[in-house]
Amino acid sequence: MTEATKLRAPVFGKVEGLRPDSTGHNLVVKVIDSKLVVDKPARGALKPQRVAECTVGDETGCILLTARNEQVDIAKPGSYLTLRNAKIDMFRGSMRLAVNQWGKMEPASGQSFQPEADFNLSLVEYELVPVPQEVAAPAPAPAANAAPAAEEAAANGGSEEAAANGGEPGFEPAEAPVDAAAS
């Protein structure tokens, strides 16, 4: 390897630093508990599928880890794991840690910490809140240009509003439905 292509040493984080829908986490954790939730045998050309939900943690907190197939054999209660390039998946509003094909899960040696089981990040419920986008009002068109813009819009199959917005049709807020029972 040349000087420019040397690999960097991974920077390991802590469980308390995990955030929803984030990726690229490197962690050293201890498996507190493991529960097999899916165990499908091989059928035809399909491989067997196994999925386990494991509670893992470090000194700062714990979280649910979804272990799949070969990862189930590694994630046994009491074992220490090194997770590289792990990601956070959201499941029913709560965080789950997962290691997919782009990450790596391997046993860790030389570790002797006790996880903080009282601070479980998977018990925190998150809600996706849409943030309204502020749209800048288009500059008013001079009266002399209003008629040609309307003619051009009609010729192009659009509306005058679309012509005023640079070809983009505007969206109006929907009216609330009228409840017949309330009347």
# chains A, B, ... in the order shown; residues from 1 in each chain; ligands from 1

call {"tool": "select_by_dssp", "arguments": {"residues": "stretch 13-90 of chain A", "states": "alpha helix (DSSP H)", "output": "JSON, numbers by chain"}}
result
{"A": [70, 71, 72, 73, 74]}

call {"tool": "residues_around", "arguments": {"residues": "stretch 77-87 of chain A", "least_positions_apart": "3", "cutoff": "10 Å", "atoms": "only C-alpha atoms", "output": "PyMOL selection string"}}
result
chain A and resi 10-12+18-35+54-58+65+74+90+95-114

call {"tool": "closest_residue", "arguments": {"among": "A:Leu36, A:Val15, A:Ala45, A:Ala67", "to": "A:Pro115", "atoms": "only C-alpha atoms"}}
result
A:Val15

call {"tool": "select_by_dssp", "arguments": {"residues": "stretch 53-110 of chain A", "states": "strand (DSSP E or B)", "output": "number ranges by chain"}}
result
A: 53-58, 61-68, 80-91, 94-98, 104-107

call {"tool": "atom_distance", "arguments": {"atom1": "atom CA of A:Asp73", "atom2": "atom CA of A:Ile88"}}
result
21.1 Å

call {"tool": "atom_distance", "arguments": {"atom1": "atom CA of A:Val131", "atom2": "atom CA of A:Asp89"}}
result
21.1 Å

call {"tool": "decode", "arguments": {"residues": "stretch 41-70 of chain A", "atoms": "N, CA and C atoms", "output": "compact mmCIF listing (two decimals), in the first residue's frame"}}
result
# COMPACT_ATOMS: atom_id res chain seq x y z
N PRO A 41 -36.67 -23.36 8.46
CA PRO A 41 -35.77 -24.33 7.83
C PRO A 41 -35.63 -24.04 6.33
N ALA A 42 -34.63 -24.64 5.72
CA ALA A 42 -34.41 -24.48 4.28
C ALA A 42 -35.57 -25.11 3.52
N ARG A 43 -36.04 -24.41 2.50
CA ARG A 43 -37.12 -24.93 1.66
C ARG A 43 -36.71 -24.77 0.20
N GLY A 44 -36.51 -25.87 -0.47
CA GLY A 44 -36.13 -25.82 -1.88
C GLY A 44 -34.78 -25.13 -2.05
N ALA A 45 -34.77 -24.10 -2.87
CA ALA A 45 -33.53 -23.35 -3.12
C ALA A 45 -33.28 -22.28 -2.05
N LEU A 46 -34.25 -22.06 -1.16
CA LEU A 46 -34.09 -21.04 -0.12
C LEU A 46 -33.22 -21.55 1.02
N LYS A 47 -32.38 -20.67 1.53
CA LYS A 47 -31.52 -21.01 2.67
C LYS A 47 -32.33 -20.91 3.96
N PRO A 48 -31.87 -21.58 5.02
CA PRO A 48 -32.57 -21.42 6.30
C PRO A 48 -32.38 -19.99 6.82
N GLN A 49 -33.39 -19.50 7.51
CA GLN A 49 -33.34 -18.15 8.06
C GLN A 49 -33.51 -18.20 9.57
N ARG A 50 -32.60 -17.52 10.26
CA ARG A 50 -32.69 -17.39 11.71
C ARG A 50 -32.51 -15.92 12.07
N VAL A 51 -33.34 -15.45 12.97
CA VAL A 51 -33.26 -14.07 13.45
C VAL A 51 -33.39 -14.10 14.96
N ALA A 52 -32.48 -13.43 15.64
CA ALA A 52 -32.53 -13.34 17.10
C ALA A 52 -32.50 -11.87 17.51
N GLU A 53 -33.26 -11.56 18.55
CA GLU A 53 -33.22 -10.23 19.15
C GLU A 53 -32.36 -10.33 20.39
N CYS A 54 -31.26 -9.62 20.41
CA CYS A 54 -30.32 -9.68 21.52
C CYS A 54 -30.24 -8.31 22.18
N THR A 55 -30.27 -8.30 23.48
CA THR A 55 -30.03 -7.06 24.21
C THR A 55 -28.54 -6.97 24.43
N VAL A 56 -27.92 -5.92 23.88
CA VAL A 56 -26.48 -5.72 24.02
C VAL A 56 -26.25 -4.34 24.64
N GLY A 57 -25.08 -4.18 25.25
CA GLY A 57 -24.80 -2.88 25.86
C GLY A 57 -23.35 -2.71 26.24
N ASP A 58 -23.05 -1.49 26.66
CA ASP A 58 -21.73 -1.17 27.20
C ASP A 58 -21.94 -0.39 28.50
N GLU A 59 -20.92 0.33 28.93
CA GLU A 59 -21.00 1.03 30.23
C GLU A 59 -22.01 2.17 30.22
N THR A 60 -22.44 2.62 29.03
CA THR A 60 -23.30 3.79 28.94
C THR A 60 -24.77 3.46 28.72
N GLY A 61 -25.09 2.25 28.29
CA GLY A 61 -26.48 1.90 28.05
C GLY A 61 -26.60 0.61 27.26
N CYS A 62 -27.83 0.26 26.88
CA CYS A 62 -28.05 -0.96 26.11
C CYS A 62 -29.08 -0.69 25.01
N ILE A 63 -29.16 -1.62 24.06
CA ILE A 63 -30.05 -1.50 22.91
C ILE A 63 -30.31 -2.89 22.36
N LEU A 64 -31.41 -3.06 21.63
CA LEU A 64 -31.71 -4.33 20.98
C LEU A 64 -30.89 -4.45 19.70
N LEU A 65 -30.27 -5.61 19.52
CA LEU A 65 -29.51 -5.93 18.31
C LEU A 65 -30.26 -7.02 17.57
N THR A 66 -30.48 -6.83 16.27
CA THR A 66 -31.09 -7.86 15.44
C THR A 66 -29.97 -8.67 14.80
N ALA A 67 -29.81 -9.91 15.23
CA ALA A 67 -28.77 -10.80 14.68
C ALA A 67 -29.41 -11.73 13.68
N ARG A 68 -28.77 -11.90 12.53
CA ARG A 68 -29.33 -12.73 11.46
C ARG A 68 -28.36 -13.85 11.08
N ASN A 69 -28.93 -15.03 10.85
CA ASN A 69 -28.24 -16.22 10.36
C ASN A 69 -26.96 -16.54 11.13
N GLU A 70 -25.77 -16.39 10.55
CA GLU A 70 -24.52 -16.76 11.24
C GLU A 70 -24.27 -15.89 12.47
